[in-house]
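Here's the structure we're looking at; comments come further down.
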Amino acid sequence: MPELPEVATVIRTVETHLLGRRLIEVRCFTKKSWARSTRRAAGQLIHEVRRYGKFILIGLDDGLLAIHLGMTGKLLAGAERGAYTRAVLVLDTGEVLFDDVRQFGSVRWLRQAPGHLGPDALEISAEEFAGRLRTRKARLKALLLNQAFLRGLGNIYADESLFRAGVHPLAIAARLSPKRALKLHKAIREVLFDAIAKGGSSISDYVDANGSQGSFQTEHRVYQRTGEPCLSCGAPIRRILVAQRATHYCPKCQRV
DNA sequence: TGGAATGTTCGGCT
DNA sequence: AAGCCGAACATTCC
């Protein structure tokens, strides 16, 4: 559920419930290591809530809480605890739940933001983006999913960005012309900004902190449209595997 | 019943 | 060494 636009939406809807509040404690129900790590967060004031790639960083007096939503994670304000509640942020004014069906998400206390992540997909300049592509021989789809190369994109927005740029997912990064590299950079920004404006994509069960769905899924042009006609040329959308992930593209509009 | 699902990480191979 | 592959994590849905 969570790529950059979904994480941005969760933050927008949850920060009002967190900013300026005191975190009494973090109750963790599944992973021992979370409980050990988050003990350090107890009793601290929340100074900021920000996005770092796909991480939600909650700034405290000392260090921060780093929440990753994994595949099915949610932050819910003012909701009832349920079978999939894996952790609870107990505040002086209420609770924020961390629900996660598949348990790929995480909640940890960290001294500072996680390392080894590349530049943010919305902060990188066109020139830097093109420069980074030039040194890589990997296939573009794999590179866009690699958080150490660029942070924030996931499977949906990588496919949607490549389609909008007219670039084939198997194209080798270093062989992209400067013109096409700039086009891809622009496509990434447009897709992400549009998706944020629509509150993200609700595919199976993504909701924001208030339980509201996003609506960008209706704007998807290739993601999970296998066999359906390309919205710009009519050719059937194709699905292949790249980096072990389903990859959707138009064989006519996207060239290598 | 098997496969696929918005993600990350790790070990092994070329 | 960079890049790729498969497996692993856990659960639901079709």
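We name chains A, B, ... following the order of the structure tokens; residues begin at 1 in each chain, and ligands are numbered from 1 as shown.
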
Could you give me, as a Markdown table, every chain C residue with an atom at most 9 Å from chain A, plus its closest atom pair and distance in Å to one decimal, counting only C-alpha atoms (C1' of nucleotides), rows ordered by chain then number?
```
| residue | atom | partner | partner_atom | distance |
| --- | --- | --- | --- | --- |
| C:DA2 | C1' | A:Lys137 | CA | 8.2 |
| C:DG3 | C1' | A:Ala138 | CA | 6.5 |
| C:DC4 | C1' | A:Ala243 | CA | 7.7 |
| C:DC5 | C1' | A:Ala243 | CA | 8.1 |
| C:DG6 | C1' | A:Gln244 | CA | 8.8 |
| C:DC9 | C1' | A:Phe104 | CA | 7.0 |
| C:DA10 | C1' | A:Arg102 | CA | 4.9 |
| C:DT11 | C1' | A:Arg102 | CA | 5.0 |
| C:DT12 | C1' | A:Val101 | CA | 8.4 |
```

Using only C-alpha atoms (C1' of nucleotides), what does the table of chain B residues within 10 Å of chain A look like, with each row giving the shortest atom pair and its distance in Å to one decimal, sorted by chain and ascending number, as JSON lines?
```
{"residue": "B:DA4", "atom": "C1'", "partner": "A:Ala246", "partner_atom": "CA", "distance": 9.2}
{"residue": "B:DA5", "atom": "C1'", "partner": "A:Met71", "partner_atom": "CA", "distance": 8.4}
{"residue": "B:DT6", "atom": "C1'", "partner": "A:Met1", "partner_atom": "CA", "distance": 3.4}
{"residue": "B:DG7", "atom": "C1'", "partner": "A:Gly70", "partner_atom": "CA", "distance": 5.1}
{"residue": "B:DT8", "atom": "C1'", "partner": "A:Gly70", "partner_atom": "CA", "distance": 8.1}
```

Check region 28-254 of chain A with DSSP on the backbone and list each residue it calls strand (DSSP E or B), as a PyMOL selection string. chain A and resi 28+44-52+55-60+64-68+73-77+85-91+94-100+106-110+120+139+151+167+172+229+236+238-242+245-249

Identify, on the basis of only C-alpha atoms (C1' of nucleotides), every residue whose closest approach to Arg36 (chain A) does not exceed 12 Å; exclude the query and any residue fewer than 2 positions from it along the same chain; express the result as a PyMOL selection string. chain A and resi 25-34+38-42+107-110

Would you mind exporting N, CA, C and O atoms of the selected residues as a PDB file, in the first residue's frame?
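Full text of again_31.pdb as output:
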```
ATOM      1  N   GLU A  25       3.816   6.143  25.676  1.00  0.00           N
ATOM      2  CA  GLU A  25       4.590   4.920  25.417  1.00  0.00           C
ATOM      3  C   GLU A  25       4.198   4.336  24.077  1.00  0.00           C
ATOM      4  O   GLU A  25       3.201   4.733  23.473  1.00  0.00           O
ATOM      5  N   VAL A  26       5.018   3.426  23.594  1.00  0.00           N
ATOM      6  CA  VAL A  26       4.693   2.678  22.377  1.00  0.00           C
ATOM      7  C   VAL A  26       4.480   1.234  22.791  1.00  0.00           C
ATOM      8  O   VAL A  26       5.398   0.589  23.317  1.00  0.00           O
ATOM      9  N   ARG A  27       3.266   0.754  22.611  1.00  0.00           N
ATOM     10  CA  ARG A  27       2.970  -0.637  22.966  1.00  0.00           C
ATOM     11  C   ARG A  27       3.123  -1.505  21.727  1.00  0.00           C
ATOM     12  O   ARG A  27       2.496  -1.238  20.704  1.00  0.00           O
ATOM     13  N   CYS A  28       3.968  -2.532  21.810  1.00  0.00           N
ATOM     14  CA  CYS A  28       4.230  -3.386  20.657  1.00  0.00           C
ATOM     15  C   CYS A  28       3.754  -4.799  20.955  1.00  0.00           C
ATOM     16  O   CYS A  28       4.092  -5.360  21.991  1.00  0.00           O
ATOM     17  N   PHE A  29       2.960  -5.359  20.032  1.00  0.00           N
ATOM     18  CA  PHE A  29       2.325  -6.640  20.301  1.00  0.00           C
ATOM     19  C   PHE A  29       2.942  -7.836  19.596  1.00  0.00           C
ATOM     20  O   PHE A  29       2.615  -8.971  19.894  1.00  0.00           O
ATOM     21  N   THR A  30       3.779  -7.602  18.577  1.00  0.00           N
ATOM     22  CA  THR A  30       4.277  -8.764  17.833  1.00  0.00           C
ATOM     23  C   THR A  30       5.782  -8.962  17.940  1.00  0.00           C
ATOM     24  O   THR A  30       6.239 -10.032  18.285  1.00  0.00           O
ATOM     25  N   LYS A  31       6.557  -7.928  17.653  1.00  0.00           N
ATOM     26  CA  LYS A  31       8.003  -8.102  17.607  1.00  0.00           C
ATOM     27  C   LYS A  31       8.685  -7.618  18.896  1.00  0.00           C
ATOM     28  O   LYS A  31       8.559  -6.456  19.261  1.00  0.00           O
ATOM     29  N   LYS A  32       9.409  -8.501  19.519  1.00  0.00           N
ATOM     30  CA  LYS A  32      10.156  -8.161  20.736  1.00  0.00           C
ATOM     31  C   LYS A  32      11.112  -6.998  20.513  1.00  0.00           C
ATOM     32  O   LYS A  32      11.259  -6.114  21.348  1.00  0.00           O
ATOM     33  N   SER A  33      11.753  -7.023  19.337  1.00  0.00           N
ATOM     34  CA  SER A  33      12.769  -6.006  19.069  1.00  0.00           C
ATOM     35  C   SER A  33      12.149  -4.605  18.991  1.00  0.00           C
ATOM     36  O   SER A  33      12.801  -3.626  19.358  1.00  0.00           O
ATOM     37  N   TRP A  34      10.892  -4.514  18.552  1.00  0.00           N
ATOM     38  CA  TRP A  34      10.253  -3.199  18.499  1.00  0.00           C
ATOM     39  C   TRP A  34      10.076  -2.660  19.911  1.00  0.00           C
ATOM     40  O   TRP A  34      10.311  -1.492  20.183  1.00  0.00           O
ATOM     41  N   THR A  38      11.671   0.802  21.037  1.00  0.00           N
ATOM     42  CA  THR A  38      10.804   1.970  21.216  1.00  0.00           C
ATOM     43  C   THR A  38      10.662   2.402  22.675  1.00  0.00           C
ATOM     44  O   THR A  38      10.037   3.425  22.950  1.00  0.00           O
ATOM     45  N   ARG A  39      11.248   1.627  23.576  1.00  0.00           N
ATOM     46  CA  ARG A  39      11.208   2.021  24.991  1.00  0.00           C
ATOM     47  C   ARG A  39      11.824   3.402  25.178  1.00  0.00           C
ATOM     48  O   ARG A  39      11.411   4.180  26.025  1.00  0.00           O
ATOM     49  N   ARG A  40      12.799   3.703  24.325  1.00  0.00           N
ATOM     50  CA  ARG A  40      13.488   4.992  24.421  1.00  0.00           C
ATOM     51  C   ARG A  40      12.616   6.174  24.062  1.00  0.00           C
ATOM     52  O   ARG A  40      12.984   7.316  24.318  1.00  0.00           O
ATOM     53  N   ALA A  41      11.494   5.893  23.402  1.00  0.00           N
ATOM     54  CA  ALA A  41      10.637   6.995  22.944  1.00  0.00           C
ATOM     55  C   ALA A  41       9.644   7.435  24.007  1.00  0.00           C
ATOM     56  O   ALA A  41       9.061   8.516  23.911  1.00  0.00           O
ATOM     57  N   ALA A  42       9.470   6.621  25.020  1.00  0.00           N
ATOM     58  CA  ALA A  42       8.432   6.884  26.020  1.00  0.00           C
ATOM     59  C   ALA A  42       8.642   8.214  26.729  1.00  0.00           C
ATOM     60  O   ALA A  42       9.767   8.566  27.105  1.00  0.00           O
ATOM     61  N   VAL A 107       8.289  -0.553  13.250  1.00  0.00           N
ATOM     62  CA  VAL A 107       8.305   0.625  14.113  1.00  0.00           C
ATOM     63  C   VAL A 107       9.573   0.533  14.948  1.00  0.00           C
ATOM     64  O   VAL A 107       9.756  -0.446  15.671  1.00  0.00           O
ATOM     65  N   ARG A 108      10.437   1.505  14.818  1.00  0.00           N
ATOM     66  CA  ARG A 108      11.691   1.468  15.572  1.00  0.00           C
ATOM     67  C   ARG A 108      12.067   2.863  16.066  1.00  0.00           C
ATOM     68  O   ARG A 108      11.713   3.867  15.450  1.00  0.00           O
ATOM     69  N   TRP A 109      12.803   2.879  17.157  1.00  0.00           N
ATOM     70  CA  TRP A 109      13.388   4.155  17.586  1.00  0.00           C
ATOM     71  C   TRP A 109      14.771   4.252  16.964  1.00  0.00           C
ATOM     72  O   TRP A 109      15.531   3.268  16.986  1.00  0.00           O
ATOM     73  N   LEU A 110      15.084   5.409  16.399  1.00  0.00           N
ATOM     74  CA  LEU A 110      16.407   5.612  15.818  1.00  0.00           C
ATOM     75  C   LEU A 110      16.985   6.939  16.300  1.00  0.00           C
ATOM     76  O   LEU A 110      16.242   7.871  16.598  1.00  0.00           O
TER      77      LEU A 110
END
```

Quick one: everything within 12 Å of Ala197 (chain A), counting only C-alpha atoms (C1' of nucleotides), minus sequence neighbours fewer than 3 positions away in the same chain. Send it as a PyMOL selection string. chain A and resi 5-6+8-9+12+190-194+200-201+214-216+219

Excluding Leu162 (chain A) and any residue of its chain fewer than 3 positions from it, enumerate the residues within 12 Å of it, using only C-alpha atoms (C1' of nucleotides), and give them as an mmCIF file with N, CA and C atoms, in the first residue's frame.
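The result, written out as part-v6.cif:
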```
data_model
loop_
_atom_site.group_PDB
_atom_site.id
_atom_site.type_symbol
_atom_site.label_atom_id
_atom_site.label_comp_id
_atom_site.auth_asym_id
_atom_site.auth_seq_id
_atom_site.Cartn_x
_atom_site.Cartn_y
_atom_site.Cartn_z
ATOM 1 N N ARG A 139 18.696 -2.268 -15.378
ATOM 2 C CA ARG A 139 17.463 -1.962 -16.087
ATOM 3 C C ARG A 139 16.689 -0.910 -15.300
ATOM 4 N N LEU A 140 16.064 -0.012 -16.030
ATOM 5 C CA LEU A 140 15.437 1.138 -15.385
ATOM 6 C C LEU A 140 14.419 0.773 -14.310
ATOM 7 N N LYS A 141 13.568 -0.199 -14.584
ATOM 8 C CA LYS A 141 12.559 -0.555 -13.592
ATOM 9 C C LYS A 141 13.213 -0.960 -12.280
ATOM 10 N N ALA A 142 14.244 -1.808 -12.373
ATOM 11 C CA ALA A 142 14.929 -2.265 -11.159
ATOM 12 C C ALA A 142 15.557 -1.085 -10.422
ATOM 13 N N LEU A 143 16.117 -0.151 -11.185
ATOM 14 C CA LEU A 143 16.779 0.999 -10.580
ATOM 15 C C LEU A 143 15.774 1.908 -9.863
ATOM 16 N N LEU A 144 14.617 2.109 -10.464
ATOM 17 C CA LEU A 144 13.609 2.983 -9.855
ATOM 18 C C LEU A 144 13.045 2.384 -8.570
ATOM 19 N N LEU A 145 13.108 1.047 -8.469
ATOM 20 C CA LEU A 145 12.626 0.404 -7.241
ATOM 21 C C LEU A 145 13.692 0.395 -6.149
ATOM 22 N N LEU A 153 9.874 5.835 -4.707
ATOM 23 C CA LEU A 153 9.081 5.117 -5.701
ATOM 24 C C LEU A 153 8.900 3.666 -5.311
ATOM 25 N N ASN A 155 6.347 -0.041 -6.778
ATOM 26 C CA ASN A 155 5.969 -0.741 -8.006
ATOM 27 C C ASN A 155 4.947 0.015 -8.863
ATOM 28 N N ILE A 156 3.952 0.599 -8.220
ATOM 29 C CA ILE A 156 2.929 1.315 -8.991
ATOM 30 C C ILE A 156 3.523 2.504 -9.727
ATOM 31 N N TYR A 157 4.184 3.376 -8.963
ATOM 32 C CA TYR A 157 4.628 4.649 -9.535
ATOM 33 C C TYR A 157 5.853 4.496 -10.430
ATOM 34 N N ALA A 158 6.607 3.423 -10.267
ATOM 35 C CA ALA A 158 7.697 3.154 -11.206
ATOM 36 C C ALA A 158 7.093 2.829 -12.577
ATOM 37 N N ASP A 159 6.100 1.944 -12.596
ATOM 38 C CA ASP A 159 5.452 1.598 -13.871
ATOM 39 C C ASP A 159 4.762 2.795 -14.500
ATOM 40 N N ALA A 165 6.685 8.530 -19.427
ATOM 41 C CA ALA A 165 7.896 9.028 -20.080
ATOM 42 C C ALA A 165 8.122 8.320 -21.420
ATOM 43 N N GLY A 166 7.343 7.279 -21.693
ATOM 44 C CA GLY A 166 7.529 6.532 -22.941
ATOM 45 C C GLY A 166 8.806 5.724 -22.965
ATOM 46 N N VAL A 167 9.231 5.266 -21.791
ATOM 47 C CA VAL A 167 10.488 4.515 -21.693
ATOM 48 C C VAL A 167 10.209 3.069 -21.285
ATOM 49 N N HIS A 168 10.869 2.147 -21.943
ATOM 50 C CA HIS A 168 10.691 0.723 -21.675
ATOM 51 C C HIS A 168 11.327 0.355 -20.331
ATOM 52 N N PRO A 169 10.621 -0.471 -19.524
ATOM 53 C CA PRO A 169 11.163 -0.822 -18.203
ATOM 54 C C PRO A 169 12.497 -1.585 -18.257
ATOM 55 N N LEU A 170 12.764 -2.240 -19.394
ATOM 56 C CA LEU A 170 14.019 -2.999 -19.490
ATOM 57 C C LEU A 170 15.160 -2.172 -20.069
ATOM 58 N N ALA A 171 14.907 -0.930 -20.408
ATOM 59 C CA ALA A 171 15.967 -0.071 -20.945
ATOM 60 C C ALA A 171 17.092 0.045 -19.928
ATOM 61 N N ALA A 173 19.804 1.958 -17.920
ATOM 62 C CA ALA A 173 19.841 3.346 -17.445
ATOM 63 C C ALA A 173 20.883 4.189 -18.175
ATOM 64 N N ARG A 180 15.630 11.871 -22.869
ATOM 65 C CA ARG A 180 14.702 10.917 -22.264
ATOM 66 C C ARG A 180 14.861 10.852 -20.747
ATOM 67 N N ALA A 181 16.083 11.061 -20.277
ATOM 68 C CA ALA A 181 16.313 11.075 -18.830
ATOM 69 C C ALA A 181 15.534 12.232 -18.207
ATOM 70 N N LEU A 182 15.564 13.375 -18.880
ATOM 71 C CA LEU A 182 14.836 14.539 -18.373
ATOM 72 C C LEU A 182 13.334 14.294 -18.427
ATOM 73 N N LYS A 183 12.909 13.615 -19.468
ATOM 74 C CA LYS A 183 11.491 13.303 -19.615
ATOM 75 C C LYS A 183 11.029 12.372 -18.500
ATOM 76 N N LEU A 184 11.890 11.430 -18.146
ATOM 77 C CA LEU A 184 11.547 10.494 -17.071
ATOM 78 C C LEU A 184 11.483 11.227 -15.732
ATOM 79 N N HIS A 185 12.431 12.113 -15.509
ATOM 80 C CA HIS A 185 12.429 12.907 -14.280
ATOM 81 C C HIS A 185 11.132 13.707 -14.166
ATOM 82 N N LYS A 186 10.722 14.314 -15.251
ATOM 83 C CA LYS A 186 9.490 15.107 -15.268
ATOM 84 C C LYS A 186 8.272 14.211 -15.027
ATOM 85 N N ALA A 187 8.273 13.040 -15.662
ATOM 86 C CA ALA A 187 7.139 12.108 -15.513
ATOM 87 C C ALA A 187 7.004 11.650 -14.060
ATOM 88 N N ILE A 188 8.128 11.360 -13.417
ATOM 89 C CA ILE A 188 8.107 10.928 -12.014
ATOM 90 C C ILE A 188 7.476 12.011 -11.144
ATOM 91 N N ARG A 189 7.913 13.244 -11.342
ATOM 92 C CA ARG A 189 7.360 14.347 -10.534
ATOM 93 C C ARG A 189 5.868 14.523 -10.776
ATOM 94 N N GLU A 190 5.467 14.482 -12.038
ATOM 95 C CA GLU A 190 4.047 14.691 -12.345
ATOM 96 C C GLU A 190 3.171 13.597 -11.748
ATOM 97 N N VAL A 191 3.617 12.346 -11.910
ATOM 98 C CA VAL A 191 2.829 11.233 -11.376
ATOM 99 C C VAL A 191 2.724 11.340 -9.860
ATOM 100 N N ARG A 221 -2.489 4.063 -15.671
ATOM 101 C CA ARG A 221 -2.573 3.836 -17.122
ATOM 102 C C ARG A 221 -2.019 2.476 -17.508
ATOM 103 N N VAL A 222 -1.145 1.917 -16.674
ATOM 104 C CA VAL A 222 -0.607 0.577 -16.984
ATOM 105 C C VAL A 222 -0.668 -0.383 -15.800
ATOM 106 N N TYR A 223 -0.484 0.126 -14.600
ATOM 107 C CA TYR A 223 -0.399 -0.757 -13.439
ATOM 108 C C TYR A 223 -1.657 -1.616 -13.299
ATOM 109 N N THR A 247 5.583 -6.070 -13.743
ATOM 110 C CA THR A 247 5.900 -4.822 -14.428
ATOM 111 C C THR A 247 4.974 -4.675 -15.623
ATOM 112 N N HIS A 248 4.276 -3.543 -15.676
ATOM 113 C CA HIS A 248 3.274 -3.340 -16.719
ATOM 114 C C HIS A 248 3.711 -2.220 -17.649
ATOM 115 N N TYR A 249 3.561 -2.463 -18.966
ATOM 116 C CA TYR A 249 3.980 -1.430 -19.908
ATOM 117 C C TYR A 249 3.259 -1.611 -21.237
ATOM 118 N N CYS A 250 3.303 -0.565 -22.052
ATOM 119 C CA CYS A 250 2.730 -0.640 -23.387
ATOM 120 C C CYS A 250 3.854 -0.923 -24.375
ATOM 121 N N PRO A 251 3.776 -2.060 -25.099
ATOM 122 C CA PRO A 251 4.865 -2.441 -26.002
ATOM 123 C C PRO A 251 5.019 -1.483 -27.183
ATOM 124 N N CYS A 253 4.104 2.067 -27.006
ATOM 125 C CA CYS A 253 4.455 3.419 -26.560
ATOM 126 C C CYS A 253 5.797 3.491 -25.829
ATOM 127 N N GLN A 254 6.243 2.338 -25.292
ATOM 128 C CA GLN A 254 7.485 2.348 -24.522
ATOM 129 C C GLN A 254 8.564 1.552 -25.239
ATOM 130 N N ARG A 255 9.574 2.257 -25.716
ATOM 131 C CA ARG A 255 10.669 1.622 -26.459
ATOM 132 C C ARG A 255 11.901 1.485 -25.580
ATOM 133 N N VAL A 256 12.717 0.511 -25.963
ATOM 134 C CA VAL A 256 13.944 0.263 -25.195
ATOM 135 C C VAL A 256 14.956 1.378 -25.407
#
```
